[in-house]
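A.B. asks: Coordinates in entry37.cif, mmCIF, C-alpha atoms and all ligand atoms, are listed below.
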data_run
#
loop_
_atom_site.label_atom_id
_atom_site.label_comp_id
_atom_site.auth_asym_id
_atom_site.auth_seq_id
_atom_site.Cartn_x
_atom_site.Cartn_y
_atom_site.Cartn_z
CA MET A 1 -5.19 -10.39 -19.57
CA THR A 2 -8.10 -8.67 -21.34
CA THR A 3 -11.50 -9.45 -19.87
CA VAL A 4 -13.46 -6.82 -21.80
CA PRO A 5 -14.27 -6.54 -25.51
CA ALA A 6 -11.40 -5.01 -27.50
CA ALA A 7 -13.66 -2.21 -28.78
CA SER A 8 -14.54 -0.89 -25.29
CA THR A 9 -14.42 2.87 -24.95
CA MET A 10 -13.74 2.75 -21.20
CA VAL A 11 -12.20 0.20 -18.83
CA HIS A 12 -12.67 0.39 -15.07
CA ALA A 13 -10.11 -1.27 -12.80
CA ARG A 14 -9.94 -1.37 -8.99
CA ALA A 15 -6.90 -2.06 -6.81
CA PRO A 16 -6.54 -2.27 -3.02
CA GLY A 17 -4.48 -0.37 -0.48
CA LYS A 18 -2.41 -2.42 1.94
CA ILE A 19 -1.35 -2.76 5.53
CA ASN A 20 2.11 -4.05 6.39
CA VAL A 21 1.40 -6.37 9.31
CA PHE A 22 5.14 -7.01 9.60
CA LEU A 23 8.00 -4.95 8.17
CA LYS A 24 11.65 -5.62 8.89
CA VAL A 25 14.22 -3.34 7.29
CA GLY A 26 17.59 -4.91 6.52
CA ALA A 27 20.78 -3.58 5.05
CA LEU A 28 20.96 -0.58 2.72
CA LEU A 29 21.90 -1.97 -0.69
CA ASP A 30 24.23 -0.43 -3.27
CA ASP A 31 21.26 0.60 -5.44
CA GLY A 32 19.95 2.81 -2.63
CA TYR A 33 17.12 0.43 -1.68
CA HIS A 34 16.87 -1.54 1.55
CA ASP A 35 16.55 -5.27 1.79
CA VAL A 36 13.15 -5.75 3.47
CA ALA A 37 10.88 -8.52 4.69
CA ILE A 38 7.21 -7.59 4.61
CA ALA A 39 3.96 -9.39 5.37
CA TYR A 40 1.41 -7.49 3.27
CA GLN A 41 -2.35 -7.63 3.64
CA ALA A 42 -4.58 -6.03 0.99
CA VAL A 43 -7.50 -4.19 2.59
CA SER A 44 -10.92 -3.01 1.53
CA LEU A 45 -9.89 0.64 0.94
CA CYS A 46 -9.59 0.68 -2.83
CA GLU A 47 -8.63 2.94 -5.70
CA ASP A 48 -10.80 3.06 -8.84
CA VAL A 49 -9.20 3.92 -12.16
CA ARG A 50 -11.20 4.50 -15.34
CA ALA A 51 -9.28 4.56 -18.60
CA PHE A 52 -10.65 6.17 -21.80
CA HIS A 53 -9.12 6.25 -25.28
CA ALA A 54 -7.25 9.49 -26.00
CA ASP A 55 -4.45 10.77 -28.23
CA ASP A 56 -2.24 11.86 -25.33
CA PHE A 57 -1.85 11.09 -21.60
CA SER A 58 -3.84 12.90 -18.89
CA VAL A 59 -5.22 12.25 -15.42
CA SER A 60 -7.90 13.74 -13.18
CA VAL A 61 -8.41 12.82 -9.53
CA THR A 62 -11.45 12.75 -7.25
CA GLY A 63 -12.00 10.91 -3.99
CA THR A 64 -12.85 10.76 -0.30
CA VAL A 65 -9.32 11.59 0.96
CA ASP A 66 -7.23 14.77 0.97
CA LEU A 67 -6.15 15.18 -2.65
CA SER A 68 -3.92 18.23 -2.22
CA ARG A 69 -0.68 16.23 -2.52
CA VAL A 70 -1.71 14.24 -5.59
CA PRO A 71 -0.05 15.52 -8.78
CA THR A 72 -2.12 15.68 -11.98
CA ASP A 73 0.80 16.02 -14.38
CA GLY A 74 3.24 13.45 -15.77
CA SER A 75 4.65 12.81 -12.29
CA ASN A 76 1.42 11.02 -11.29
CA ILE A 77 2.40 7.36 -10.99
CA ALA A 78 -0.70 6.35 -12.98
CA ILE A 79 0.56 8.34 -15.99
CA LYS A 80 3.99 6.78 -15.52
CA ALA A 81 2.38 3.33 -15.54
CA ALA A 82 0.41 4.04 -18.72
CA ARG A 83 3.42 5.49 -20.52
CA LEU A 84 5.60 2.54 -19.49
CA LEU A 85 3.05 0.03 -20.82
CA ALA A 86 2.70 1.99 -24.09
CA ARG A 87 6.48 2.17 -24.51
CA ARG A 88 7.06 -1.52 -23.88
CA THR A 89 4.25 -2.72 -26.11
CA GLY A 90 4.72 -0.18 -28.92
CA TYR A 91 1.18 1.18 -28.41
CA ARG A 92 1.04 4.54 -30.19
CA GLY A 93 -2.02 6.23 -28.65
CA GLY A 94 -2.61 7.70 -25.21
CA VAL A 95 -5.17 7.46 -22.44
CA ARG A 96 -7.34 9.69 -20.29
CA LEU A 97 -7.35 8.40 -16.72
CA GLU A 98 -9.89 9.20 -14.01
CA ILE A 99 -8.80 8.14 -10.53
CA ASP A 100 -11.25 7.90 -7.62
CA LYS A 101 -9.09 7.72 -4.47
CA HIS A 102 -10.07 6.16 -1.15
CA VAL A 103 -6.63 5.26 0.21
CA PRO A 104 -5.09 8.07 2.30
CA VAL A 105 -2.36 9.95 0.39
CA THR A 106 1.21 9.60 1.73
CA GLY A 107 -0.34 7.46 4.44
CA GLY A 108 1.90 4.42 4.15
CA MET A 109 -0.93 2.39 2.62
CA GLY A 110 0.25 2.21 -0.96
CA GLY A 111 -2.44 4.33 -2.62
CA GLY A 112 -0.19 5.47 -5.46
CA SER A 113 0.97 1.89 -5.97
CA ALA A 114 -2.67 0.78 -6.24
CA ASP A 115 -3.28 3.48 -8.87
CA ALA A 116 -0.30 2.23 -10.87
CA ALA A 117 -1.48 -1.39 -10.67
CA ALA A 118 -5.06 -0.53 -11.66
CA THR A 119 -3.77 1.62 -14.54
CA LEU A 120 -1.60 -1.19 -15.95
CA LEU A 121 -4.58 -3.53 -15.88
CA ALA A 122 -7.04 -0.98 -17.31
CA CYS A 123 -4.75 0.21 -20.14
CA ASP A 124 -3.78 -3.34 -21.09
CA ALA A 125 -7.47 -4.16 -21.49
CA LEU A 126 -8.40 -0.85 -23.17
CA TRP A 127 -5.57 -1.02 -25.68
CA GLY A 128 -5.78 -4.77 -26.21
CA THR A 129 -2.04 -5.06 -25.59
CA ASN A 130 -2.57 -8.40 -23.84
CA ILE A 131 0.68 -8.71 -21.96
CA SER A 132 1.29 -11.78 -19.80
CA ARG A 133 0.90 -11.78 -16.03
CA GLU A 134 4.69 -12.11 -15.65
CA GLU A 135 5.32 -9.11 -17.93
CA MET A 136 2.79 -7.06 -16.00
CA LEU A 137 4.42 -7.96 -12.67
CA GLY A 138 7.77 -6.94 -14.17
CA LEU A 139 6.44 -3.52 -15.22
CA ALA A 140 4.81 -3.14 -11.80
CA SER A 141 8.12 -3.75 -10.08
CA GLU A 142 9.82 -1.11 -12.25
CA LEU A 143 7.20 1.41 -11.14
CA GLY A 144 7.65 0.82 -7.41
CA ALA A 145 8.36 -1.80 -4.77
CA ASP A 146 4.71 -2.01 -3.61
CA VAL A 147 3.10 -2.08 -7.07
CA PRO A 148 3.38 -5.87 -7.67
CA PHE A 149 1.53 -6.52 -4.41
CA ALA A 150 -1.31 -4.17 -5.45
CA LEU A 151 -1.68 -6.41 -8.52
CA THR A 152 -1.72 -9.70 -6.62
CA GLY A 153 -3.49 -8.62 -3.40
CA GLY A 154 -4.55 -11.09 -0.71
CA THR A 155 -1.86 -11.81 1.85
CA ALA A 156 1.74 -12.14 0.71
CA ILE A 157 5.32 -12.03 1.80
CA GLY A 158 7.53 -9.49 0.03
CA THR A 159 11.31 -9.72 0.11
CA GLY A 160 14.11 -8.00 -1.81
CA ARG A 161 12.84 -4.42 -2.17
CA GLY A 162 9.42 -5.81 -1.14
CA ASP A 163 8.60 -6.76 -4.72
CA GLN A 164 9.68 -10.43 -4.68
CA LEU A 165 6.34 -11.89 -3.70
CA SER A 166 5.31 -15.25 -2.42
CA PRO A 167 1.74 -15.94 -1.31
CA ALA A 168 1.10 -16.52 2.39
CA LEU A 169 -1.58 -18.90 3.59
CA ALA A 170 -4.22 -16.89 5.38
CA LYS A 171 -7.59 -17.75 6.85
CA GLY A 172 -10.61 -15.60 7.66
CA GLN A 173 -11.01 -11.85 7.69
CA PHE A 174 -9.22 -9.38 9.92
CA GLN A 175 -10.97 -6.22 11.16
CA TRP A 176 -8.89 -3.05 11.08
CA VAL A 177 -9.50 0.51 12.21
CA LEU A 178 -7.25 3.07 10.58
CA ALA A 179 -6.42 6.39 12.21
CA LEU A 180 -5.54 8.83 9.45
CA SER A 181 -3.34 11.85 9.82
CA ASP A 182 -3.49 15.20 8.02
CA ALA A 183 0.27 15.46 7.64
CA GLY A 184 1.86 12.89 5.34
CA LEU A 185 5.24 11.28 5.97
CA SER A 186 7.60 10.85 3.04
CA THR A 187 8.71 7.22 2.67
CA PRO A 188 12.33 8.08 1.67
CA GLU A 189 12.64 10.50 4.61
CA VAL A 190 11.46 7.86 7.10
CA TYR A 191 14.00 5.35 5.74
CA THR A 192 16.74 7.99 5.97
CA ALA A 193 15.82 8.70 9.59
CA LEU A 194 16.11 4.96 10.34
CA ASP A 195 19.53 4.76 8.67
CA GLU A 196 20.79 7.79 10.57
CA HIS A 197 19.59 6.36 13.86
CA ARG A 198 21.22 3.01 13.13
CA GLN A 199 24.51 4.66 12.15
CA GLN A 200 24.53 6.74 15.28
CA TYR A 201 23.57 4.14 17.84
CA SER A 202 23.40 0.53 16.90
CA GLN A 203 25.25 -0.32 13.70
CA ASP A 204 28.29 -1.75 15.50
CA ILE A 205 26.29 -3.82 17.96
CA PHE A 206 23.39 -4.89 15.68
CA PRO A 207 24.49 -4.63 12.04
CA ALA A 208 21.48 -4.37 9.68
CA GLU A 209 20.44 -7.83 8.57
CA VAL A 210 21.16 -9.08 5.06
CA ALA A 211 18.14 -10.90 3.57
CA PRO A 212 15.79 -10.42 6.57
CA SER A 213 12.76 -12.69 6.85
CA VAL A 214 9.25 -12.53 8.26
CA ASP A 215 9.00 -14.07 11.75
CA ALA A 216 7.46 -17.54 11.89
CA ASP A 217 4.83 -16.48 14.45
CA VAL A 218 3.42 -13.94 11.95
CA LEU A 219 2.97 -16.66 9.32
CA GLN A 220 1.36 -18.91 11.90
CA ALA A 221 -1.07 -16.20 13.06
CA LEU A 222 -2.08 -15.45 9.45
CA ARG A 223 -2.55 -19.16 8.74
CA ALA A 224 -4.69 -19.52 11.86
CA GLY A 225 -6.74 -16.40 11.01
CA ASP A 226 -6.40 -15.47 14.69
CA PRO A 227 -6.38 -11.70 15.40
CA HIS A 228 -5.19 -12.22 19.00
CA MET A 229 -2.15 -14.13 17.79
CA LEU A 230 -1.46 -11.62 15.02
CA ALA A 231 -1.77 -8.69 17.42
CA GLU A 232 1.08 -10.17 19.47
CA CYS A 233 3.46 -10.06 16.54
CA LEU A 234 2.54 -6.93 14.54
CA HIS A 235 5.89 -5.26 13.91
CA ASN A 236 7.31 -2.36 11.92
CA ASP A 237 10.98 -1.26 11.94
CA LEU A 238 9.86 2.07 10.45
CA GLN A 239 7.64 2.80 13.44
CA ALA A 240 10.42 4.28 15.62
CA PRO A 241 11.62 6.81 13.00
CA ALA A 242 8.01 7.61 12.07
CA LEU A 243 7.23 8.34 15.73
CA LYS A 244 10.31 10.50 15.96
CA MET A 245 9.17 12.53 12.94
CA ALA A 246 5.52 12.65 14.09
CA PRO A 247 5.59 12.34 17.92
CA SER A 248 1.80 12.71 18.27
CA LEU A 249 1.40 9.21 16.78
CA ALA A 250 2.49 7.66 20.09
CA GLY A 251 -0.60 9.15 21.75
CA VAL A 252 -2.78 7.85 18.90
CA ILE A 253 -1.51 4.29 19.43
CA GLU A 254 -2.05 4.58 23.18
CA LEU A 255 -5.59 5.89 22.75
CA GLY A 256 -6.53 3.06 20.39
CA GLU A 257 -5.10 0.39 22.64
CA LYS A 258 -6.97 1.90 25.63
CA ASN A 259 -10.21 1.71 23.64
CA GLY A 260 -10.24 -1.94 22.77
CA ALA A 261 -7.70 -2.37 19.96
CA LEU A 262 -5.73 -5.59 20.33
CA ALA A 263 -2.69 -3.69 19.04
CA GLY A 264 -1.80 -0.67 16.94
CA VAL A 265 1.05 -0.34 14.48
CA VAL A 266 2.23 2.42 12.16
CA SER A 267 1.42 1.23 8.65
CA GLY A 268 4.46 1.23 6.34
CA SER A 269 6.22 4.58 6.62
CA GLY A 270 3.15 6.08 8.32
CA PRO A 271 1.58 8.25 9.47
CA THR A 272 -1.54 6.05 9.26
CA VAL A 273 -1.90 3.91 12.39
CA ALA A 274 -3.54 0.53 11.83
CA PHE A 275 -5.41 -0.98 14.79
CA LEU A 276 -6.22 -4.66 14.76
CA THR A 277 -9.43 -5.57 16.58
CA ALA A 278 -10.90 -8.86 17.76
CA ASP A 279 -14.09 -8.65 15.68
CA LEU A 280 -16.48 -6.32 13.90
CA ASP A 281 -18.17 -5.14 17.13
CA SER A 282 -14.86 -4.10 18.69
CA ALA A 283 -13.89 -2.37 15.44
CA LEU A 284 -17.15 -0.38 15.46
CA GLU A 285 -16.68 0.58 19.12
CA LEU A 286 -13.11 1.68 18.51
CA GLN A 287 -14.17 3.69 15.47
CA ILE A 288 -16.74 5.53 17.60
CA ALA A 289 -14.27 6.17 20.44
CA LEU A 290 -11.57 7.55 18.16
CA SER A 291 -14.07 9.66 16.22
CA ALA A 292 -15.28 11.10 19.52
CA ALA A 293 -11.65 12.12 20.16
CA GLN A 294 -11.83 14.14 16.90
CA MET A 295 -9.73 11.68 14.96
CA ASN A 296 -10.22 10.87 11.31
CA VAL A 297 -10.85 7.11 11.24
CA VAL A 298 -11.99 4.53 8.71
CA ARG A 299 -12.64 0.83 9.01
CA ALA A 300 -11.27 -1.77 6.66
CA THR A 301 -11.23 -5.55 6.37
CA GLY A 302 -8.58 -7.76 4.89
CA PRO A 303 -7.47 -9.64 3.00
CA VAL A 304 -9.17 -8.61 -0.25
CA HIS A 305 -8.09 -9.53 -3.74
CA GLY A 306 -5.70 -7.64 -5.98
CA ALA A 307 -6.26 -5.38 -8.98
CA ARG A 308 -9.15 -6.45 -11.19
CA ILE A 309 -11.41 -5.21 -13.94
CA ILE A 310 -14.85 -4.09 -12.82
CA ASN A 311 -17.68 -4.61 -15.27
CA ASP A 312 -19.88 -1.55 -14.58
P1 LIG A 401 3.78 3.66 0.15
O1 LIG A 401 3.01 3.12 1.29
O2 LIG A 401 3.69 2.82 -1.09
O3 LIG A 401 5.18 4.06 0.47
P2 LIG A 401 2.16 6.01 0.45
O4 LIG A 401 0.84 5.34 0.56
O5 LIG A 401 2.79 6.49 1.72
O6 LIG A 401 3.14 5.05 -0.32
P3 LIG A 401 1.20 7.48 -1.79
O7 LIG A 401 -0.12 8.04 -1.40
O8 LIG A 401 1.19 6.27 -2.63
O9 LIG A 401 2.06 7.25 -0.49
O10 LIG A 401 2.01 8.65 -2.55
C1 LIG A 401 3.30 9.09 -2.24
C2 LIG A 401 3.67 10.35 -3.07
O11 LIG A 401 3.59 10.04 -4.44
C3 LIG A 401 2.74 11.53 -2.85
O12 LIG A 401 3.42 12.49 -2.09
C4 LIG A 401 2.45 12.10 -4.21
O13 LIG A 401 3.03 13.36 -4.39
C5 LIG A 401 3.07 11.14 -5.20
N1 LIG A 401 2.07 10.57 -6.15
C6 LIG A 401 2.26 10.35 -7.47
N2 LIG A 401 1.19 9.77 -8.02
C7 LIG A 401 0.28 9.60 -7.04
C8 LIG A 401 -1.02 9.04 -7.01
N3 LIG A 401 -1.62 8.55 -8.11
N4 LIG A 401 -1.64 9.00 -5.83
C9 LIG A 401 -1.03 9.49 -4.71
N5 LIG A 401 0.18 10.05 -4.69
C10 LIG A 401 0.85 10.11 -5.85
#
Could I get this file's structure written as structure tokens?
Ligand code: ATP

C.D. replies:
Amino acid sequence: MTTVPAASTMVHARAPGKINVFLKVGALLDDGYHDVAIAYQAVSLCEDVRAFHADDFSVSVTGTVDLSRVPTDGSNIAIKAARLLARRTGYRGGVRLEIDKHVPVTGGMGGGSADAAATLLACDALWGTNISREEMLGLASELGADVPFALTGGTAIGTGRGDQLSPALAKGQFQWVLALSDAGLSTPEVYTALDEHRQQYSQDIFPAEVAPSVDADVLQALRAGDPHMLAECLHNDLQAPALKMAPSLAGVIELGEKNGALAGVVSGSGPTVAFLTADLDSALELQIALSAAQMNVVRATGPVHGARIIND
């Protein structure tokens, strides 16, 4: 997969964050994961990872988002990705990683997953380990359910844990406005809240689905590239527990929809709220309105492509 000379002293890779335009959570599996059906869209908020030769493994982090929850020790998923690649390929050196983050942390937009994907790509090129695409997707899936999608990007359907990907036909560009939140929501805690709610109220009447699938109208809207159609079918099973854990998000969704968004949906496990707009003008207007309400907002377009090497 190397696209840079083997003797390079630094490799720069970029990988996108994502929005889940559709997320259905099925049954809790024996391995502790849920069976899910996700329609992913990669968006133009990206993570940049620069990898330099080193004897051991280290990471430093800069960026435009709140970095206080990003670890800089071995628990950083980028270090885990580099170590995993070294272990599997028998590479004996290390790497110094510099991450420049633009995807909100614990925002449900897969920023850590993007770091892991960019790191796999950068280290493979830096070290000349040259693993195949299939091997890289396998390592990505070991690192986390969303990591394979950060490698492939575009628009895709994820089943299983979300890591069994198949491409989805998609036309055009969608305009998103993202309302960020200071407090993060932990993905495992949001899933646990959903399980508890289901056990308490609905398990007997609506047992959690085995092998859920993405609704046909979502696939049709993506194929048509029609934001109005897609807005009608944005869906996230994690939205209800996320709203329960962060009740102020309901007001955020309402405010966005009052100010021209076609629809708003909690992205992944939240707390980021993704608003779909009809076009660039409406996105700009919504961004101004939400900023005027003292909210932290960014604009993004999608789909964009997956992790790639940048030739600086
Ligand atoms: P997802 O949408 O994939 O569930 P997320 O976008 O909600 O994830 P991330 O920002 O990817 O959340 O990070 C989740 C947690 O992982 C953070 O609380 C942080 O402590 C830890 N973490 C480890 N490595 C990283 C990294 N490189 N960037 C961000 N967080 C990291």

A.B. asks: Show which residues sit within 12 Å of region 283-298 of chain A, as a PyMOL selection string. Count all atoms listed in the file, and ignore same-chain residues fewer than 5 positions away.

C.D. replies: chain A and resi 43-45+64-66+102-104+174-182+227+249+251-264+272-278

A.B. asks: Pick out the residues no farther than 10 Å from ligand LIG 401 (chain A), counting all atoms listed in the file, and list them as a ChimeraX atom specification.

C.D. replies: /A:17-20,47,49,59-61,66-81,99-101,103-116,119,144-147,150,184-188,190,267-272

A.B. asks: Which residue gives the smallest distance to His197 (chain A) among A:Leu169, A:Ala118, A:Ala13, A:Ala240, with all atoms listed in the file counted?

C.D. replies: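 Distance minimum relative to His197 (chain A) lands on A:Ala240.
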
A.B. asks: Please list, as a ChimeraX atom specification, the residues that have an atom at most 9 Å away from (-1.6, 14.1, -23.9) in the coordinates of this file, counting all atoms listed in the file.

C.D. replies: /A:54-58,94-96

A.B. asks: Of the residues A:Thr62, A:Asn311, A:Gln41, A:Asn236, which is the one nearest to Gly154 (chain A), using all atoms listed in the file?

C.D. replies: A:Gln41

A.B. asks: Using all atoms listed in the file, what does the table of region 214-237 of chain A residues within 12 Å of region 27-39 of chain A look like, with each row giving the shortest atom pair and its distance in Å to one decimal, sorted by chain and ascending number, as JSON lines?

C.D. replies:
{"residue": "A:Val214", "atom": "CA", "partner": "A:Ala37", "partner_atom": "CA", "distance": 5.6}
{"residue": "A:Asp215", "atom": "CA", "partner": "A:Ala37", "partner_atom": "CA", "distance": 9.2}
{"residue": "A:Ala216", "atom": "CA", "partner": "A:Ala39", "partner_atom": "CA", "distance": 11.0}
{"residue": "A:Asp217", "atom": "CA", "partner": "A:Ala39", "partner_atom": "CA", "distance": 11.6}
{"residue": "A:Val218", "atom": "CA", "partner": "A:Ala39", "partner_atom": "CA", "distance": 8.0}
{"residue": "A:Leu219", "atom": "CA", "partner": "A:Ala39", "partner_atom": "CA", "distance": 8.3}
{"residue": "A:Gln220", "atom": "CA", "partner": "A:Ala39", "partner_atom": "CA", "distance": 11.8}
{"residue": "A:Ala221", "atom": "CA", "partner": "A:Ala39", "partner_atom": "CA", "distance": 11.4}
{"residue": "A:Leu222", "atom": "CA", "partner": "A:Ala39", "partner_atom": "CA", "distance": 9.5}
{"residue": "A:Leu230", "atom": "CA", "partner": "A:Ala39", "partner_atom": "CA", "distance": 11.3}
{"residue": "A:Cys233", "atom": "CA", "partner": "A:Ala39", "partner_atom": "CA", "distance": 11.2}
{"residue": "A:Leu234", "atom": "CA", "partner": "A:Ala39", "partner_atom": "CA", "distance": 9.6}
{"residue": "A:His235", "atom": "CA", "partner": "A:Ile38", "partner_atom": "CA", "distance": 9.7}
{"residue": "A:Asn236", "atom": "CA", "partner": "A:Ile38", "partner_atom": "CA", "distance": 9.0}
{"residue": "A:Asp237", "atom": "CA", "partner": "A:Val36", "partner_atom": "CA", "distance": 9.8}

A.B. asks: To one decimal in Å, tell me the separation between CA of Ala246 (chain A) and CA of Glu232 (chain A).

C.D. replies: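 Rounded to one decimal, the two atoms are 23.9 Å apart.
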
A.B. asks: Name the closest residue to Leu143 (chain A) among the candidates A:Arg92, A:Arg83, A:Lys244, A:Lys171; distances are taken between atoms, counting all atoms listed in the file.

C.D. replies: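 For Leu143 (chain A), the nearest of the given residues is A:Arg83.
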
A.B. asks: Neighbourhood query: residues within 8 Å of (16.3, -7.4, 9.8), file coordinates, counting only C-alpha atoms; return as a list in words.

C.D. replies: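 Taken together, the residues in range are Lys24, Val25, Gly26, Ala27, Val36, Ala37, Ala208, Glu209, Val210, Ala211, Pro212 and Ser213 of chain A.
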
A.B. asks: Excluding Arg88 (chain A) and its own-chain neighbours fewer than 3 positions away, which residues fall within 12 Å of it when counting only C-alpha atoms? Please give them as a list of chain:residue names.

C.D. replies: A:Ala81, A:Ala82, A:Arg83, A:Leu84, A:Leu85, A:Tyr91, A:Arg92, A:Leu120, A:Asp124, A:Thr129, A:Asn130, A:Ile131, A:Glu135, A:Met136, A:Gly138, A:Leu139, A:Glu142

A.B. asks: Draw an axis-aligned box over all listed atoms of region 31-49 of chain A, pad each side with 5 Å, and write its centre and edge lengths in Å, one decimal, as JSON.

C.D. replies:
{"center_x": 5.2, "center_y": -2.7, "center_z": -3.4, "size_x": 42.2, "size_y": 23.3, "size_z": 27.5}

A.B. asks: Report the distance between CA of Leu121 (chain A) and CA of Ala15 (chain A) in Å, rounded to one decimal place.

C.D. replies: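 CA of Ala15 (chain A) lies at a distance of 9.5 Å from CA of Leu121 (chain A).
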
A.B. asks: Enter the distance from CA of Gly63 (chain A) to CA of Leu126 (chain A), in Å, rounded to one decimal.

C.D. replies: 22.8 Å

A.B. asks: Between A:Val304, A:Gly225, A:Ser141, A:Gly93, which is the closest to Gly160 (chain A) once you count only C-alpha atoms?

C.D. replies: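 Closest candidate: A:Ser141.
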
A.B. asks: Using all atoms listed in the file, which of A:Phe52, A:Phe22, A:Tyr40, A:Tyr201 sits nearest Thr152 (chain A)?

C.D. replies: A:Tyr40

A.B. asks: Env of Glu189 (chain A): 10 Å cut, atoms = all atoms listed in the file, seq-sep filter 4 positions within chain, self excluded. Answer as a ChimeraX atom specification.

C.D. replies: /A:185,193-195,241-242,245,269

A.B. asks: Here is a test: counting only C-alpha atoms, which residue of A:Thr159, A:Gln164, A:Thr301, A:Ser132 is nearest to Thr89 (chain A)?

C.D. replies: A:Ser132
